[in-house]
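**Q** One file is attached below, final_31.tsv, containing TSV, C-alpha atoms.
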chain	number	residue	atom	x	y	z
A	137	MET	CA	-31.60	21.24	13.19
A	138	PRO	CA	-31.51	20.74	16.99
A	139	TYR	CA	-34.17	18.00	16.86
A	140	LEU	CA	-32.32	16.07	14.14
A	141	SER	CA	-29.04	16.39	16.05
A	142	GLU	CA	-30.67	15.05	19.21
A	143	GLN	CA	-32.05	12.06	17.25
A	144	LEU	CA	-28.75	11.19	15.59
A	145	ALA	CA	-26.16	11.77	18.32
A	146	PRO	CA	-27.07	8.73	20.50
A	147	LEU	CA	-26.81	6.43	17.45
A	148	LEU	CA	-23.26	7.52	16.56
A	149	LEU	CA	-19.83	7.14	18.14
A	150	SER	CA	-18.40	10.13	19.91
A	151	PRO	CA	-15.32	11.58	18.17
A	152	GLU	CA	-13.31	10.43	21.18
A	153	GLU	CA	-14.60	6.84	20.85
A	154	ALA	CA	-13.75	6.84	17.13
A	155	ALA	CA	-10.23	8.14	17.83
A	156	GLN	CA	-9.63	5.18	20.19
A	157	LEU	CA	-10.38	2.63	17.45
A	158	ASP	CA	-7.32	1.23	15.76
A	159	VAL	CA	-7.38	1.21	11.98
A	160	ARG	CA	-4.75	0.11	9.48
A	161	GLY	CA	-3.36	2.96	7.44
A	162	ARG	CA	-0.19	4.97	7.43
A	163	ILE	CA	-1.83	8.32	6.64
A	164	ASP	CA	-4.65	9.77	8.75
A	165	ALA	CA	-7.50	11.38	6.84
A	166	ALA	CA	-10.97	12.62	7.73
A	167	VAL	CA	-14.23	13.01	5.87
A	168	LEU	CA	-17.38	14.90	6.69
A	169	VAL	CA	-20.70	13.12	6.25
A	170	PRO	CA	-23.06	16.09	5.85
A	171	LEU	CA	-26.69	15.15	6.54
A	172	TYR	CA	-29.87	17.15	6.25
A	173	GLU	CA	-33.58	16.47	6.33
A	174	HIS	CA	-35.81	17.39	3.39
A	175	ASP	CA	-39.44	16.34	2.93
A	176	GLY	CA	-39.12	13.98	5.90
A	177	ARG	CA	-36.15	12.11	4.41
A	178	LEU	CA	-32.51	12.21	5.45
A	179	HIS	CA	-30.04	13.13	2.70
A	180	ALA	CA	-26.26	12.89	2.53
A	181	VAL	CA	-23.92	15.10	0.51
A	182	PHE	CA	-21.22	13.50	-1.65
A	183	THR	CA	-18.72	14.68	-4.23
A	184	ARG	CA	-17.89	13.13	-7.56
A	185	ARG	CA	-14.17	13.56	-8.10
A	186	ARG	CA	-12.94	14.89	-11.43
A	187	SER	CA	-12.22	12.18	-13.99
A	188	ASP	CA	-8.73	13.53	-14.76
A	189	LEU	CA	-7.35	13.18	-11.22
A	190	ARG	CA	-4.41	10.86	-10.58
A	191	ARG	CA	-6.08	9.10	-7.62
A	192	HIS	CA	-9.70	7.99	-7.27
A	193	ALA	CA	-10.65	9.66	-10.57
A	194	GLY	CA	-14.41	9.94	-11.09
A	195	GLU	CA	-15.22	8.22	-7.81
A	196	ILE	CA	-17.96	9.33	-5.44
A	197	SER	CA	-16.84	10.17	-1.93
A	198	PHE	CA	-17.65	12.28	1.08
A	199	PRO	CA	-15.79	15.60	1.21
A	200	GLY	CA	-12.52	15.15	3.04
A	201	GLY	CA	-8.82	14.62	2.82
A	202	ARG	CA	-5.62	13.88	4.63
A	203	GLN	CA	-4.55	15.49	7.86
A	204	ASP	CA	-2.02	18.10	6.69
A	205	ILE	CA	-0.93	19.28	10.11
A	206	GLU	CA	-0.12	16.40	12.44
A	207	GLU	CA	-1.49	18.16	15.52
A	208	GLU	CA	-4.72	19.16	13.79
A	209	ASP	CA	-7.83	17.60	15.30
A	210	LEU	CA	-9.31	15.28	12.66
A	211	ARG	CA	-12.69	16.98	13.12
A	212	GLN	CA	-11.07	20.21	11.94
A	213	THR	CA	-9.54	18.35	8.98
A	214	ALA	CA	-13.02	17.16	7.92
A	215	LEU	CA	-14.52	20.65	8.27
A	216	ARG	CA	-11.62	22.34	6.47
A	217	GLU	CA	-11.75	19.89	3.58
A	218	ALA	CA	-15.55	20.24	3.21
A	219	GLU	CA	-15.15	24.00	3.08
A	220	GLU	CA	-12.39	23.73	0.46
A	221	GLU	CA	-14.07	21.05	-1.68
A	222	ILE	CA	-17.74	22.09	-1.70
A	223	GLY	CA	-17.86	25.54	-0.09
A	224	LEU	CA	-19.64	24.34	3.06
A	225	PRO	CA	-18.79	26.90	5.78
A	226	ARG	CA	-17.58	25.31	9.02
A	227	GLU	CA	-20.05	27.36	11.04
A	228	ALA	CA	-22.93	25.85	8.99
A	229	VAL	CA	-22.12	22.34	10.30
A	230	GLU	CA	-23.14	20.94	13.66
A	231	LEU	CA	-20.91	17.94	14.33
A	232	VAL	CA	-23.06	15.29	16.04
A	233	GLY	CA	-20.80	12.25	16.12
A	234	ALA	CA	-18.49	9.89	14.29
A	235	LEU	CA	-18.48	6.57	12.49
A	236	THR	CA	-16.08	3.65	12.62
A	237	PRO	CA	-12.77	4.58	10.95
A	238	THR	CA	-12.03	2.62	7.79
A	239	PRO	CA	-8.78	1.83	5.94
A	240	THR	CA	-8.16	2.19	2.23
A	241	VAL	CA	-6.43	-0.76	0.64
A	242	VAL	CA	-4.50	0.84	-2.22
A	243	THR	CA	-3.63	4.29	-0.83
A	244	ASN	CA	-2.96	3.21	2.79
A	245	TYR	CA	-5.18	5.83	4.44
A	246	ALA	CA	-6.97	5.54	7.78
A	247	ILE	CA	-10.20	7.49	7.19
A	248	TYR	CA	-12.05	8.95	10.17
A	249	PRO	CA	-15.65	9.89	9.25
A	250	PHE	CA	-17.48	12.62	11.18
A	251	VAL	CA	-21.21	13.20	10.87
A	252	GLY	CA	-22.49	16.75	10.68
A	253	VAL	CA	-26.02	18.13	10.43
A	254	ILE	CA	-26.59	21.00	7.99
A	255	GLU	CA	-29.58	22.98	6.79
A	256	PRO	CA	-31.03	21.96	3.40
A	257	GLY	CA	-30.71	24.22	0.38
A	258	HIS	CA	-26.99	25.04	0.33
A	259	ARG	CA	-25.50	26.53	-2.81
A	260	TRP	CA	-22.42	24.44	-3.38
A	261	LEU	CA	-19.14	25.88	-4.61
A	262	PRO	CA	-17.25	22.83	-5.89
A	263	SER	CA	-13.47	23.10	-6.00
A	264	ALA	CA	-12.63	23.34	-9.70
A	265	GLY	CA	-9.41	21.38	-9.17
A	266	GLU	CA	-10.97	18.36	-7.44
A	267	VAL	CA	-14.75	18.14	-7.66
A	268	ALA	CA	-16.76	17.47	-10.82
A	269	GLU	CA	-20.13	17.70	-9.04
A	270	VAL	CA	-21.87	17.67	-5.67
A	271	LEU	CA	-24.50	14.97	-5.16
A	272	GLU	CA	-27.33	15.06	-2.63
A	273	LEU	CA	-28.75	11.54	-2.23
A	274	SER	CA	-31.46	10.36	0.14
A	275	LEU	CA	-30.48	7.68	2.65
A	276	PRO	CA	-33.63	5.59	1.93
A	277	ASP	CA	-32.74	5.59	-1.81
A	278	LEU	CA	-29.15	4.62	-1.01
A	279	ARG	CA	-30.30	1.80	1.26
A	280	ALA	CA	-32.66	0.54	-1.47
A	281	GLY	CA	-29.79	0.70	-4.00
A	282	HIS	CA	-27.48	-1.60	-2.02
A	283	GLU	CA	-26.15	-4.76	-3.65
A	284	HIS	CA	-23.10	-7.01	-3.65
A	285	LYS	CA	-21.63	-6.68	-7.12
A	286	ARG	CA	-18.66	-7.75	-9.24
A	287	LEU	CA	-16.52	-4.76	-10.22
A	288	VAL	CA	-13.37	-4.51	-12.29
A	289	ARG	CA	-10.70	-2.00	-11.31
A	290	ARG	CA	-7.48	-1.69	-13.34
A	291	GLY	CA	-8.29	-5.03	-14.97
A	292	VAL	CA	-8.72	-6.85	-11.66
A	293	PRO	CA	-12.18	-8.27	-10.88
A	294	PHE	CA	-13.45	-8.21	-7.29
A	295	ARG	CA	-16.74	-8.36	-5.40
A	296	SER	CA	-17.84	-5.39	-3.36
A	297	ASP	CA	-20.80	-3.82	-1.63
A	298	VAL	CA	-22.09	-0.97	-3.76
A	299	TYR	CA	-24.86	1.60	-3.49
A	300	THR	CA	-26.42	2.78	-6.76
A	301	VAL	CA	-28.83	5.71	-7.07
A	302	ASP	CA	-29.73	7.28	-10.41
A	303	GLY	CA	-26.68	5.70	-12.06
A	304	ASN	CA	-24.33	6.94	-9.33
A	305	VAL	CA	-22.28	4.01	-8.00
A	306	ILE	CA	-20.70	4.28	-4.56
A	307	TRP	CA	-18.15	1.61	-3.63
A	308	GLY	CA	-14.90	1.09	-1.70
A	309	ALA	CA	-14.18	3.02	1.48
A	310	THR	CA	-17.13	5.37	0.87
A	311	ALA	CA	-19.49	2.37	0.64
A	312	ARG	CA	-18.07	0.97	3.91
A	313	ILE	CA	-18.62	4.32	5.63
A	314	LEU	CA	-22.12	4.54	4.17
A	315	SER	CA	-22.92	1.00	5.34
A	316	ASP	CA	-21.90	1.91	8.91
A	317	LEU	CA	-24.03	5.09	8.71
A	318	LEU	CA	-27.11	3.25	7.42
A	319	ASP	CA	-26.75	0.52	10.07
A	320	ARG	CA	-26.44	3.05	12.88
A	321	LEU	CA	-29.30	5.23	11.65
A	322	SER	CA	-31.73	2.39	10.91
A	323	PRO	CA	-33.89	3.34	13.95
A	324	VAL	CA	-34.61	6.77	12.43
A	325	LEU	CA	-34.77	5.60	8.81
A	326	GLY	CA	-37.63	3.20	9.54
The structure given in the file should be rewritten as structure tokens.

**A**
Amino acid sequence: MPYLSEQLAPLLLSPEEAAQLDVRGRIDAAVLVPLYEHDGRLHAVFTRRRSDLRRHAGEISFPGGRQDIEEEDLRQTALREAEEEIGLPREAVELVGALTPTPTVVTNYAIYPFVGVIEPGHRWLPSAGEVAEVLELSLPDLRAGHEHKRLVRRGVPFRSDVYTVDGNVIWGATARILSDLLDRLSPVLG
């Protein structure tokens, strides 16, 4: 893990740099972008939200959520939410940097993404109330699955960047975060 961390850290924002960036959104939230290396390829861990949830039902996202305690460091929010949603212990994550914060249009969140390196082979414990499944997708496959596509949401058509791997479609704020990640890590992705 130390070698991977040393490779990634210079390509990312520091958490302090990310906190200085202004982003639209009334509610602060944080996500963890868990990365690991397996067979020489970087992988990211995502969740598929349950299809019966009121908000973002069935969507693929990084583990995370809103900042419940106003004074809580957003890094701690990301780690807490990852532990609650997928059973990833905080002590199993080495935070190596941050990505550009991104707003959500409909829900008015300002999402602060933090990148953490983990060991491969975790046994996930998805939160029964929120998470339908945990997805581990390789960054090269995600990059290859990028396209600009017409989507329809609640009857409204729009064009969006999407990433599709094995029928899993990532769009919206998660796609924007993923795009930033792939751009920043292009030197190590080849």

**Q** Would you mind telling me which residue in A:Pro170, A:Ala268, A:Ile163, A:Gly176 lies nearest to Pro225 (chain A) when using all atoms listed in the file?

**A**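 The shortest atom-to-atom distance to Pro225 (chain A) comes from A:Pro170.
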
**Q** In terms of the shortest atom-to-atom distance over all atoms listed in the file, which of A:Arg202, A:Asp297, A:Ala180, A:Val169 is closest to Thr243 (chain A)?

**A**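 Closest to Thr243 (chain A), using all atoms listed in the file: A:Arg202.
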
**Q** Could you give me, as a tab-separated table, every region 213-305 of chain A residue with an atom at most 8 Å from region 138-150 of chain A, plus its closest atom pair and distance in Å to one decimal, counting all atoms listed in the file, rows ordered by chain then number?

**A**
residue	atom	partner	partner_atom	distance
A:Glu230	CA	A:Ser141	CA	7.8
A:Val232	CA	A:Ala145	CA	5.2
A:Gly233	CA	A:Ser150	CA	5.0
A:Ala234	CA	A:Leu149	CA	4.9
A:Leu235	CA	A:Leu149	CA	5.8
A:Thr236	CA	A:Leu149	CA	7.5
A:Val253	CA	A:Ser141	CA	6.6

**Q** Quick one: residues within 9 Å of Leu273 (chain A), all atoms listed in the file counted, chain neighbours fewer than 6 positions away excluded, as a JSON list (two decimals) with C-alpha atoms, in the frame of the given file?

**A**
[["chain", "number", "residue", "atom", "x", "y", "z"],
["A", 178, "LEU", "CA", -32.51, 12.21, 5.45],
["A", 179, "HIS", "CA", -30.04, 13.13, 2.70],
["A", 180, "ALA", "CA", -26.26, 12.89, 2.53],
["A", 181, "VAL", "CA", -23.92, 15.10, 0.51],
["A", 182, "PHE", "CA", -21.22, 13.50, -1.65],
["A", 301, "VAL", "CA", -28.83, 5.71, -7.07]]

**Q** Could you tell me which of A:Val159, A:Ala311, A:Val324, A:Leu231 comes closest to Phe250 (chain A) if we count only C-alpha atoms?

**A**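 Counting only C-alpha atoms, the residue closest to Phe250 (chain A) is A:Leu231.
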
**Q** What does the structure give for the distance between CA of Arg320 (chain A) and CA of Gly161 (chain A), in Å to one decimal?

**A**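 About the pair CA of Arg320 (chain A) and CA of Gly161 (chain A): they are 23.7 Å apart.
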
**Q** Identify, on the basis of all atoms listed in the file, every residue whose closest approach to Asp209 (chain A) does not exceed 12 Å; exclude the query and any residue fewer than 2 positions from it along the same chain; express the result as a list in words.

**A**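 Contacts, in chain order: Pro151, Glu152, Ala155, Asp164, Ala165, Ala166, Arg202, Gln203, Asp204, Ile205, Glu206, Glu207, Arg211, Gln212, Thr213, Ala214, Leu215, Arg216, Tyr248 and Phe250 of chain A.
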
**Q** Nearest residue to Asp302 (chain A) out of A:Glu283, A:Glu195, A:Asp277, A:Glu221, using all atoms listed in the file?

**A** A:Asp277

**Q** From the set A:Asp175, A:Phe198, A:Thr183, A:Arg162, which residue has the shortest atom-to-atom contact distance to Glu266 (chain A), counting only C-alpha atoms?

**A** A:Thr183

**Q** Could you work out how far CA of Ile306 (chain A) lies from CA of Gly201 (chain A), giving the answer in Å with one decimal?

**A**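 Rounded to one decimal, the two atoms are 17.4 Å apart.
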
**Q** Could you check which of A:Arg259, A:Lys285, A:Arg177, A:Arg186 is closest to Ile222 (chain A), using all atoms listed in the file?

**A**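 The answer is A:Arg259, which sits nearest to Ile222 (chain A).
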
**Q** Mind pulling up the distance from CA of Ala246 (chain A) to CA of Val229 (chain A)?

**A**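 Here the two named atoms are 22.8 Å from each other.
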
**Q** Could you list, as a list of chain:residue names, every residue within 12 Å of Val298 (chain A), counting only C-alpha atoms and ignoring same-chain residues fewer than 5 positions away?

**A** A:Ile196, A:Leu278, A:Arg279, A:Ala280, A:Gly281, A:His282, A:Glu283, A:His284, A:Lys285, A:Arg286, A:Leu287, A:Gly303, A:Asn304, A:Val305, A:Ile306, A:Trp307, A:Gly308, A:Ala309, A:Thr310, A:Ala311, A:Arg312, A:Ile313, A:Leu314, A:Ser315

**Q** Could you name the residues that touch Arg160 (chain A) at 9 Å or less, counting all atoms listed in the file, but leaving out those on the same chain fewer than 5 positions away, as a PyMOL selection string?

**A** chain A and resi 238-240+244-246
